[in-house]
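Q: So that you have it, the file is model13.txt, and it contains compact mmCIF, C-alpha atoms:
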# COMPACT_ATOMS: atom_id res chain seq x y z
CA MET A 1 4.45 11.25 3.59
CA LEU A 2 1.87 8.85 2.11
CA GLN A 3 1.87 8.97 -1.67
CA PRO A 4 -1.02 7.93 -3.93
CA PRO A 5 -0.91 4.86 -6.19
CA SER A 6 -1.11 7.12 -9.23
CA SER A 7 2.40 8.39 -8.56
CA THR A 8 5.49 6.32 -9.34
CA PRO A 9 7.31 5.11 -6.26
CA VAL A 10 11.08 5.08 -5.71
CA ALA A 11 11.60 7.34 -8.70
CA ASN A 12 13.76 9.93 -6.98
CA GLN A 13 16.23 9.85 -4.09
CA SER A 14 15.01 6.82 -2.21
CA SER A 15 15.12 3.41 -3.83
CA ILE A 16 12.93 1.50 -1.37
CA ALA A 17 9.47 2.13 0.01
CA ILE A 18 6.68 0.27 1.71
CA GLY A 19 3.38 0.05 -0.11
CA ILE A 20 0.01 -0.32 1.58
CA ALA A 21 -3.35 -1.13 0.03
CA GLY A 22 -6.86 -1.95 1.12
CA SER A 23 -9.48 -4.20 -0.35
CA CYS A 24 -8.26 -3.75 -3.94
CA ILE A 25 -5.49 -6.15 -2.98
CA SER A 26 -6.69 -7.96 0.12
CA GLY A 27 -10.25 -8.48 -1.10
CA ASN A 28 -11.50 -7.42 2.32
CA LYS A 29 -12.39 -3.85 3.21
CA ASN A 30 -11.09 -4.24 6.75
CA GLN A 31 -7.83 -5.88 5.73
CA LYS A 32 -4.76 -3.92 4.67
CA HIS A 33 -1.79 -5.43 2.87
CA VAL A 34 1.83 -4.24 2.75
CA THR A 35 4.67 -4.85 0.33
CA LEU A 36 8.27 -3.88 -0.12
CA ILE A 37 8.71 -1.65 -3.15
CA TYR A 38 12.18 -1.32 -4.57
CA ARG A 39 13.84 0.15 -7.61
CA ASN A 40 15.62 -2.53 -9.61
CA PRO A 41 19.00 -1.89 -11.28
CA GLU A 42 17.23 -0.92 -14.49
CA GLY A 43 15.29 1.77 -12.64
CA TYR A 44 11.86 0.14 -12.49
CA PRO A 45 9.79 -0.34 -9.32
CA TRP A 46 9.14 -3.91 -8.22
CA LEU A 47 7.20 -5.49 -5.38
CA LEU A 48 8.21 -8.22 -2.96
CA HIS A 49 5.56 -9.39 -0.51
CA LEU A 50 4.04 -12.30 1.33
CA ALA A 51 0.71 -12.37 -0.42
CA SER A 52 -0.88 -15.29 1.41
CA HIS A 53 -0.20 -18.67 2.98
CA MET A 54 2.90 -20.13 1.28
CA LEU A 55 2.70 -17.45 -1.38
CA LEU A 56 5.61 -15.07 -1.75
CA LYS A 57 5.25 -12.71 -4.69
CA HIS A 58 7.91 -10.85 -6.62
CA GLU A 59 6.28 -8.80 -9.32
CA LYS A 60 6.35 -5.54 -11.22
CA TRP A 61 4.79 -2.40 -9.75
CA ASN A 62 1.09 -2.53 -10.49
CA GLY A 63 -0.14 0.87 -9.34
CA SER A 64 -2.38 -0.56 -6.61
CA TYR A 65 -0.58 0.67 -3.50
CA HIS A 66 -0.20 3.88 -1.59
CA TRP A 67 3.43 4.12 -0.63
CA ILE A 68 5.85 5.69 1.80
CA GLU A 69 9.52 6.00 0.96
CA PHE A 70 12.35 5.45 3.38
CA SER A 71 13.99 8.70 4.33
CA GLY A 72 16.72 7.77 6.79
CA LEU A 73 18.83 5.33 4.79
CA ASP A 74 21.75 5.88 2.45
CA VAL A 75 20.93 4.81 -1.09
CA GLU A 76 23.78 2.29 -1.00
CA VAL A 77 22.17 0.60 2.00
CA GLU A 78 18.75 0.69 0.35
CA GLU A 79 19.89 -0.84 -2.90
CA SER A 80 22.00 -3.46 -1.17
CA PHE A 81 19.01 -4.40 0.97
CA ALA A 82 16.74 -4.70 -2.05
CA ASP A 83 19.23 -6.83 -3.96
CA TRP A 84 19.77 -9.06 -0.94
CA ALA A 85 16.04 -9.36 -0.19
CA VAL A 86 15.29 -10.57 -3.69
CA MET A 87 18.19 -13.02 -3.45
CA VAL A 88 16.96 -14.41 -0.12
CA ALA A 89 13.35 -14.51 -1.27
CA SER A 90 14.30 -16.76 -4.15
CA ALA A 91 15.33 -19.36 -1.56
CA GLU A 92 11.83 -19.24 -0.12
CA LEU A 93 10.31 -20.45 -3.34
CA SER A 94 11.46 -23.94 -2.47
CA THR A 95 10.47 -23.64 1.19
CA PRO A 96 7.38 -21.46 1.24
CA ILE A 97 6.60 -19.31 4.26
CA PRO A 98 3.51 -20.27 6.25
CA TYR A 99 1.11 -17.42 6.91
CA SER A 100 0.19 -17.09 10.54
CA VAL A 101 -1.28 -14.60 12.97
CA VAL A 102 1.24 -15.96 15.49
CA LEU A 103 4.78 -14.56 15.29
CA SER A 104 7.55 -16.65 16.81
CA PRO A 105 9.71 -14.70 19.26
CA ASP A 106 12.72 -16.60 17.96
CA ARG A 107 14.63 -16.32 14.70
CA ASN A 108 12.49 -16.64 11.60
CA PHE A 109 15.10 -17.59 9.03
CA ALA A 110 17.69 -20.34 9.29
CA THR A 111 21.34 -20.07 8.33
CA ASP A 112 20.51 -21.26 4.84
CA GLY A 113 17.94 -18.50 4.43
CA HIS A 114 14.89 -20.71 4.57
CA TYR A 115 12.03 -19.93 6.88
CA ILE A 116 12.17 -22.02 10.04
CA ASP A 117 8.87 -23.84 10.17
CA ARG A 118 8.61 -24.83 13.82
CA LYS A 119 5.27 -26.56 13.32
CA ASP A 120 3.98 -24.62 16.32
CA GLY A 121 1.43 -22.55 14.49
CA SER A 122 3.80 -19.65 13.98
CA GLY A 123 4.47 -18.00 10.67
CA LEU A 124 4.52 -14.57 9.15
CA THR A 125 2.02 -12.05 7.90
CA CYS A 126 2.64 -9.55 5.13
CA ALA A 127 3.73 -7.09 7.83
CA THR A 128 5.94 -9.37 9.92
CA PHE A 129 7.57 -10.70 6.76
CA LEU A 130 8.94 -7.21 6.13
CA VAL A 131 9.92 -6.76 9.77
CA ALA A 132 11.85 -10.05 9.69
CA LEU A 133 13.49 -9.29 6.37
CA PHE A 134 14.79 -5.88 7.44
CA SER A 135 15.89 -7.23 10.80
CA ASP A 136 17.99 -9.98 9.23
CA PHE A 137 19.85 -7.36 7.18
CA GLY A 138 20.73 -5.46 10.35
CA LEU A 139 17.91 -2.96 10.00
CA PRO A 140 15.64 -3.62 13.00
CA LEU A 141 12.66 -1.42 12.18
CA VAL A 142 10.67 -1.98 15.37
CA ASN A 143 11.27 -2.60 19.04
CA GLN A 144 9.16 -5.74 19.25
CA LEU A 145 9.14 -5.75 23.05
CA SER A 146 7.33 -2.41 23.07
CA TRP A 147 4.37 -3.76 21.06
CA PRO A 148 1.29 -4.39 23.19
CA LYS A 149 -0.52 -7.70 23.21
CA SER A 150 -4.22 -8.26 22.70
CA ARG A 151 -5.25 -4.82 21.51
CA PRO A 152 -8.93 -4.28 20.76
CA GLY A 153 -9.75 -5.76 17.39
CA ASP A 154 -6.75 -8.07 17.19
CA ALA A 155 -8.61 -11.25 18.14
CA GLN A 156 -11.47 -10.44 15.76
CA TRP A 157 -8.97 -9.85 12.97
CA ALA A 158 -7.19 -13.11 13.72
CA LEU A 159 -10.41 -15.10 13.76
CA LYS A 160 -11.41 -13.62 10.42
CA ILE A 161 -8.02 -14.52 8.92
CA LEU A 162 -8.26 -18.03 10.28
CA GLU A 163 -11.68 -18.41 8.77
CA MET A 164 -10.48 -17.10 5.39
CA LEU A 165 -7.46 -19.38 5.23
CA ARG A 166 -8.90 -22.37 7.07
CA ALA A 167 -9.05 -24.51 3.96
CA ARG A 168 -5.39 -23.87 3.16
CA PHE A 169 -3.99 -24.50 6.64
CA THR A 170 -3.15 -27.91 8.00
CA LEU A 171 -5.28 -28.78 11.00
CA PRO A 172 -2.40 -28.44 13.54
CA HIS A 173 -1.36 -25.09 12.03
CA TYR A 174 -4.93 -23.88 12.29
CA LEU A 175 -5.54 -25.15 15.82
CA GLU A 176 -2.28 -23.75 17.21
CA GLN A 177 -3.18 -20.31 15.92
CA LEU A 178 -6.68 -20.59 17.24
CA ARG A 179 -5.30 -21.44 20.66
CA GLN A 180 -3.29 -18.21 20.76
CA VAL A 181 -5.84 -15.83 19.26
CA TYR A 182 -6.43 -13.94 22.50
CA VAL A 183 -2.79 -13.37 23.43
CA LEU A 184 -1.53 -12.06 20.10
CA LYS A 185 1.11 -9.42 19.59
CA ARG A 186 0.06 -7.98 16.26
CA PHE A 187 2.15 -5.79 13.96
CA ARG A 188 -0.43 -4.12 11.78
CA PRO A 189 0.20 -3.30 8.11
CA GLU A 190 -0.26 0.43 8.65
CA GLU A 191 2.27 0.34 11.48
CA VAL A 192 4.93 -1.34 9.39
CA SER A 193 4.17 0.91 6.43
CA VAL A 194 5.13 4.07 8.32
CA THR A 195 8.35 2.70 9.77
CA GLY A 196 10.22 3.53 6.60
CA ALA A 197 9.65 7.22 7.08
CA LEU A 198 10.42 7.11 10.79
CA TYR A 199 13.38 4.75 10.95
CA LYS A 200 16.70 6.41 11.75
CA GLY A 201 18.68 3.40 12.94
CA GLU A 202 17.13 2.70 16.31
CA PRO A 203 14.27 0.19 16.54
CA LEU A 204 11.05 2.17 16.69
CA HIS A 205 8.96 2.09 19.85
CA PHE A 206 5.25 1.42 19.54
CA ASP A 207 4.39 4.81 21.08
CA VAL A 208 6.24 6.54 18.25
CA VAL A 209 4.74 4.44 15.47
CA ASP A 210 1.13 4.23 16.61
CA PRO A 211 -0.02 7.85 16.10
CA VAL A 212 1.60 8.09 12.67
CA ALA A 213 0.10 4.75 11.69
CA GLN A 214 -3.36 6.01 12.67
CA GLN A 215 -2.94 9.00 10.36
CA CYS A 216 -1.79 6.71 7.57
CA LEU A 217 -4.74 4.40 8.06
CA ALA A 218 -7.15 7.29 7.74
CA GLN A 219 -5.72 8.14 4.33
CA VAL A 220 -5.74 4.68 2.78
CA PRO A 221 -9.07 3.82 1.15
CA ARG A 222 -10.72 0.64 2.28
CA MET B 223 34.23 -10.76 -23.94
CA PRO B 224 35.61 -12.14 -20.70
CA THR B 225 38.09 -14.91 -20.51
CA ILE B 226 38.66 -17.62 -18.01
CA ALA B 227 41.97 -19.23 -17.47
CA THR B 228 42.28 -22.12 -15.13
CA LYS B 229 45.40 -23.82 -13.95
CA THR B 230 45.29 -27.10 -12.15
CA SER B 231 47.97 -28.84 -10.22
CA ASN B 232 49.15 -32.37 -10.63
CA GLY B 233 52.19 -32.75 -8.39
CA GLN B 234 54.86 -30.43 -9.76
CA SER B 235 53.47 -30.18 -13.22
CA TRP B 236 51.12 -27.39 -14.09
CA TYR B 237 48.93 -26.98 -17.05
CA PHE B 238 46.51 -24.34 -18.18
CA ALA B 239 43.34 -24.18 -20.15
CA ALA B 240 42.98 -20.68 -21.39
CA LYS B 241 41.08 -18.91 -24.05
CA ILE B 242 41.42 -15.24 -24.65
CA ASN B 243 38.81 -13.26 -26.46
CA SER B 244 39.83 -9.67 -26.90
CA GLU B 245 37.39 -6.86 -27.47
CA GLU B 246 38.15 -7.02 -31.17
CA GLY B 247 36.96 -10.60 -31.18
CA ASN B 248 40.36 -12.18 -31.71
CA THR B 249 40.78 -15.49 -30.05
CA GLN B 250 43.98 -16.93 -28.77
CA GLN B 251 44.05 -20.40 -27.35
CA SER B 252 45.88 -21.39 -24.20
CA PRO B 253 48.85 -19.02 -24.19
CA TRP B 254 50.39 -20.66 -21.16
CA GLN B 255 49.61 -24.25 -21.86
CA GLY B 256 52.43 -26.52 -20.81
CA ASN B 257 54.90 -23.71 -20.37
CA PRO B 258 54.04 -21.13 -17.75
CA SER B 259 54.83 -17.64 -18.87
CA LEU B 260 53.30 -14.25 -18.53
CA PRO B 261 49.81 -13.98 -19.91
CA ARG B 262 49.37 -11.96 -23.04
CA LYS B 263 49.50 -8.23 -22.43
CA ASP B 264 46.46 -6.39 -23.63
CA SER B 265 45.67 -2.73 -23.08
CA ARG B 266 41.97 -3.48 -22.76
CA THR B 267 42.32 -6.29 -20.31
CA THR B 268 42.24 -6.37 -16.56
CA TRP B 269 43.89 -9.37 -14.98
CA ALA B 270 43.03 -11.00 -11.74
CA ALA B 271 44.91 -13.95 -10.39
CA VAL B 272 44.80 -16.10 -7.32
CA SER B 273 47.76 -17.68 -5.67
CA GLY B 274 47.82 -19.63 -2.46
CA GLY B 275 44.78 -17.95 -1.08
CA GLU B 276 46.04 -14.48 -1.97
CA SER B 277 44.63 -12.63 -4.88
CA SER B 278 45.85 -9.82 -7.03
CA SER B 279 44.49 -7.79 -9.85
CA TRP B 280 46.12 -5.54 -12.36
CA ALA B 281 44.88 -2.59 -14.31
CA PRO B 282 44.95 -2.56 -18.09
CA ASP B 283 48.41 -1.90 -19.59
CA SER B 284 50.32 -3.38 -16.70
CA GLY B 285 49.54 -7.09 -17.01
CA PRO B 286 50.12 -9.46 -14.14
CA ALA B 287 53.44 -10.46 -12.77
CA TRP B 288 53.94 -14.18 -12.56
CA HIS B 289 52.48 -15.48 -9.32
CA SER B 290 51.89 -19.07 -10.28
CA PRO B 291 48.20 -18.32 -10.21
CA ALA B 292 45.86 -21.13 -9.50
CA TYR B 293 43.38 -19.39 -11.73
CA CYS B 294 43.47 -16.24 -13.68
CA ILE B 295 40.38 -14.24 -14.45
CA VAL B 296 40.70 -11.97 -17.41
CA SER B 297 38.02 -9.49 -18.24
CA SER B 298 37.75 -6.83 -20.87
CA ALA B 299 36.14 -3.45 -20.49
CA SER B 300 32.39 -2.86 -20.75
CA THR B 301 31.50 -6.47 -20.21
CA ALA B 302 30.57 -6.52 -16.56
CA PHE B 303 27.57 -8.77 -16.92
CA SER B 304 29.35 -11.21 -19.19
CA PHE B 305 32.19 -11.13 -16.75
CA TYR B 306 29.80 -12.08 -14.00
CA GLU B 307 28.59 -15.06 -15.97
CA ALA B 308 32.19 -15.94 -16.67
CA ALA B 309 32.91 -15.98 -12.96
CA VAL B 310 30.27 -18.65 -12.53
CA LEU B 311 31.88 -20.71 -15.27
CA GLN B 312 35.18 -20.19 -13.60
CA ILE B 313 33.91 -21.69 -10.38
CA GLN B 314 32.77 -24.72 -12.33
CA ALA B 315 36.27 -24.97 -13.77
CA ILE B 316 37.70 -24.73 -10.30
CA GLN B 317 35.44 -27.50 -9.13
CA ASN B 318 36.82 -29.67 -11.90
CA ALA B 319 40.41 -28.66 -11.28
CA GLY B 320 41.44 -31.68 -9.27
CA PHE B 321 42.59 -30.16 -5.99
CA SER B 322 43.90 -32.65 -3.50
CA THR B 323 41.58 -31.54 -0.71
CA SER B 324 38.20 -29.92 -0.59
CA ILE B 325 39.60 -27.30 1.79
CA GLU B 326 42.22 -26.34 -0.78
CA ALA B 327 39.57 -26.05 -3.43
CA GLY B 328 37.33 -24.07 -1.08
CA VAL B 329 40.08 -21.56 -0.32
CA ALA B 330 40.86 -21.15 -3.99
CA ALA B 331 37.23 -20.81 -4.97
CA VAL B 332 36.57 -18.09 -2.41
CA SER B 333 39.71 -16.26 -3.48
CA ALA B 334 38.72 -16.44 -7.11
CA GLU B 335 35.25 -15.11 -6.34
CA LEU B 336 36.69 -12.27 -4.28
CA SER B 337 39.06 -11.43 -7.11
CA ALA B 338 36.08 -11.06 -9.40
CA VAL B 339 34.48 -8.72 -6.88
CA TYR B 340 37.65 -6.61 -6.68
CA VAL B 341 37.74 -6.27 -10.45
CA LEU B 342 34.11 -5.21 -10.63
CA ASP B 343 34.66 -2.64 -7.87
CA GLU B 344 37.82 -1.36 -9.50
CA ARG B 345 35.90 -0.80 -12.71
CA GLY B 346 33.13 1.06 -10.92
CA HIS B 347 30.49 -1.67 -11.19
CA ASN B 348 29.91 -1.29 -7.47
CA ARG B 349 26.31 -2.49 -7.29
CA LEU B 350 27.16 -5.55 -9.32
CA ALA B 351 30.17 -6.21 -7.09
CA ALA B 352 27.99 -5.96 -3.99
CA GLN B 353 25.45 -8.34 -5.56
CA LYS B 354 28.22 -10.77 -6.31
CA ILE B 355 29.65 -10.79 -2.82
CA MET B 356 26.17 -11.23 -1.34
CA LEU B 357 25.47 -14.03 -3.79
CA LEU B 358 28.73 -15.66 -2.76
CA ILE B 359 27.76 -15.44 0.91
CA GLU B 360 24.21 -16.67 0.31
CA SER B 361 25.43 -19.59 -1.79
CA LYS B 362 27.61 -20.67 1.12
CA LEU B 363 24.92 -20.16 3.73
CA ARG B 364 22.30 -22.05 1.73
CA LYS B 365 24.59 -25.06 1.81
CA ASN B 366 25.28 -24.45 5.49
CA ALA B 367 28.93 -24.07 4.49
CA LEU B 368 29.75 -21.85 7.44
CA VAL B 369 33.49 -22.46 7.18
CA ASP B 370 33.46 -21.12 3.64
CA ALA B 371 31.25 -18.18 4.62
CA ASN B 372 33.66 -17.39 7.43
CA ARG B 373 36.53 -17.63 4.96
CA VAL B 374 34.94 -14.93 2.82
CA LEU B 375 35.00 -12.64 5.85
CA THR B 376 38.57 -13.61 6.70
CA ASP B 377 39.99 -13.31 3.20
CA ALA B 378 38.15 -10.25 1.94
CA ASP B 379 40.60 -7.39 1.45
CA VAL B 380 38.39 -4.46 2.39
CA SER B 381 40.87 -2.00 0.89
CA LYS B 382 39.86 -3.38 -2.52
CA LEU B 383 36.13 -3.28 -1.84
CA SER B 384 33.77 -0.41 -2.47
CA SER B 385 31.57 0.72 0.39
CA ARG B 386 28.66 -1.08 -1.28
CA SER B 387 30.53 -4.35 -1.28
CA MET B 388 31.43 -3.87 2.36
CA ILE B 389 27.76 -3.28 3.13
CA GLY B 390 26.95 -6.50 1.31
CA LEU B 391 29.70 -8.44 3.04
CA ILE B 392 28.79 -7.35 6.54
CA ARG B 393 25.01 -7.21 6.31
CA SER B 394 24.45 -10.43 4.40
CA THR B 395 26.35 -12.28 7.13
CA PHE B 396 24.77 -10.33 9.99
CA ARG B 397 21.97 -12.79 10.67
CA VAL B 398 24.47 -15.59 11.33
CA LYS B 399 27.28 -13.55 12.83
CA LYS B 400 27.26 -15.55 16.04
CA GLN B 401 28.27 -18.59 14.01
CA LEU B 402 30.97 -16.74 12.07
CA PRO B 403 34.03 -16.04 14.25
CA ALA B 404 35.50 -13.65 11.67
CA TRP B 405 32.46 -11.38 11.57
CA ASP B 406 33.47 -8.97 14.32
CA LYS B 407 36.94 -8.39 12.90
CA ALA B 408 35.65 -8.02 9.34
CA TYR B 409 33.12 -5.50 10.60
CA SER B 410 35.75 -3.49 12.46
CA LYS B 411 38.00 -3.46 9.41
CA SER B 412 35.15 -2.41 7.16
CA TRP B 413 34.12 0.33 9.58
CA GLN B 414 37.67 1.72 9.56
CA GLN B 415 38.00 1.39 5.78
CA VAL B 416 34.76 3.29 5.21
CA ARG B 417 35.97 6.00 7.55
CA ASP B 418 39.37 6.16 5.82
CA SER B 419 37.64 6.55 2.47
CA GLY B 420 35.89 9.67 3.73
CA LYS B 421 32.44 8.17 4.13
CA ASN B 422 30.43 7.94 7.32
CA PRO B 423 30.37 4.37 8.69
CA GLU B 424 27.46 5.25 10.95
CA THR B 425 25.39 5.96 7.85
CA LEU B 426 26.36 2.84 5.95
CA PHE B 427 26.19 0.52 8.95
CA ILE B 428 23.04 2.08 10.36
CA GLY B 429 21.10 -0.32 12.55
CA LEU B 430 24.18 -2.36 13.43
CA PRO B 431 26.04 -1.92 16.70
CA ARG B 432 28.88 0.57 16.50
CA ALA B 433 32.20 -1.07 15.69
CA GLU B 434 33.59 0.08 19.03
CA GLU B 435 30.80 -1.78 20.81
CA VAL B 436 31.59 -4.91 18.83
CA LYS B 437 35.27 -4.63 19.79
CA VAL B 438 34.42 -4.22 23.46
CA ALA B 439 32.03 -7.16 23.39
CA THR B 440 34.63 -9.31 21.63
CA ALA B 441 37.35 -8.36 24.10
CA ALA B 442 35.10 -9.19 27.03
CA LYS B 443 34.57 -12.77 25.81
Please express the file's structure as structure tokens.
A:
Amino acid sequence: MLQPPSSTPVANQSSIAIGIAGSCISGNKNQKHVTLIYRNPEGYPWLLHLASHMLLKHEKWNGSYHWIEFSGLDVEVEESFADWAVMVASAELSTPIPYSVVLSPDRNFATDGHYIDRKDGSGLTCATFLVALFSDFGLPLVNQLSWPKSRPGDAQWALKILEMLRARFTLPHYLEQLRQVYVLKRFRPEEVSVTGALYKGEPLHFDVVDPVAQQCLAQVPR
Amino acid sequence: MPTIATKTSNGQSWYFAAKINSEEGNTQQSPWQGNPSLPRKDSRTTWAAVSGGESSSWAPDSGPAWHSPAYCIVSSASTAFSFYEAAVLQIQAIQNAGFSTSIEAGVAAVSAELSAVYVLDERGHNRLAAQKIMLLIESKLRKNALVDANRVLTDADVSKLSSRSMIGLIRSTFRVKKQLPAWDKAYSKSWQQVRDSGKNPETLFIGLPRAEEVKVATAAK
């Protein structure tokens, strides 16, 4: 299922995949990062991902990610999603998406496609950005209600992220996240990365995703 | 090279600004100017015209019948991308066309855009057609022009759309479907059209509620 960075993604049947990388991208050996990989109309793989706070990246495939292709979607759906995602992402360049360890339970994108900044400390991570994007196109990858809160390691991860990005956050954005660090519902990069292979139309339950994500995590170098 | 022809209305008098560039590079200026008549017939040209909110397109060799088109899009073969750019220019022409109300202009603009999508689909440029219809939707949503976005759903003739364009139409509006009264009906029509074309709607509309469920929910309201 998990393919190495040395191989070319989305070169065969599937035209979208999710890429996952360790410290070579995140700069932190305990931090994974995920991206959408899609095949553009000219046949080349491209990346679309929330790289950091207010930093959405759309760039050519760079050979840095392991990747997992989608297996349960028709190619027409895949290509339409990719084209739409790039279109919507271009709107975000004027209203950048705040990075946050806190995910709002409400809608993330407004009618006009811009991220709804509620000024309540919420935002997206690289993983929840993909979850939100797929969901808005009618492809709900995960059953969010099934995800557990406050798993071991989540608070430590959140505190580390807050420390890393402290200088880039506004004080209210930082403090609101800090306040919620111990009640987080976290969608981990490795969990989102395996949804592509598992998704068959029904939102995936945590119990289905978790064991596969653990296997994936073991294969991705730090 | 694609051609744009625009007709504007000033009371009962009509005038046209047209420029035809055939594949051979010949240029003919304003064939209908001042005196409405059939556009020039050209075996390499596909015609699309809009009239009163309805749109029509014709295959090469047939040429359009006279429908008093508000605008006429003319494209030649193998120029899909140029045609796409031309469609954007056409919208600018429409915006300058002097309609009496913004609603009238909005109806005509959506119809013209949909006509362009039909032509692209007819010519097999299905991915480009789907991109165009999604771009049309997104351009409306970004301006919070929900009435216009709803009009796209209302006016789209799904029998002229490829399955890709139907995917684009339905899914790009999905996130705001509660604000678009026409969404449920457009989805049901698309579902049926996909089925009639021999494809599996459950595959193409994966992740969305089944059309039957949408119908039931709508009826219960």
Q: What does the structure give for the distance between atom CA of B:Arg386 and atom CA of A:Glu191, in Å to one decimal?
A: 29.3 Å
Q: Rounded to one decimal in Å, what is the spacing between atom CA of B:Glu435 and atom CA of B:Arg373?
A: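 Result for atom CA of B:Glu435 versus atom CA of B:Arg373: 23.1 Å, one decimal.
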Q: Using only C-alpha atoms, can you tell me which of B:Arg345, B:Lys399, B:Arg393, B:Lys354 comes closest to chain A?
A: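 Of all the options, B:Arg393 lies closest to chain A.
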Q: How many Å separate atom CA of A:Thr111 from atom CA of B:Val369?
A: 12.4 Å
Q: Set the cut-off to 6 Å and count only C-alpha atoms: what are the residues of chain A that reach chain B? Output as a list in words.
A: Glu76, Thr111, Asp112, Asp136, Phe137, Gly138, Leu139 and Gly201 of chain A
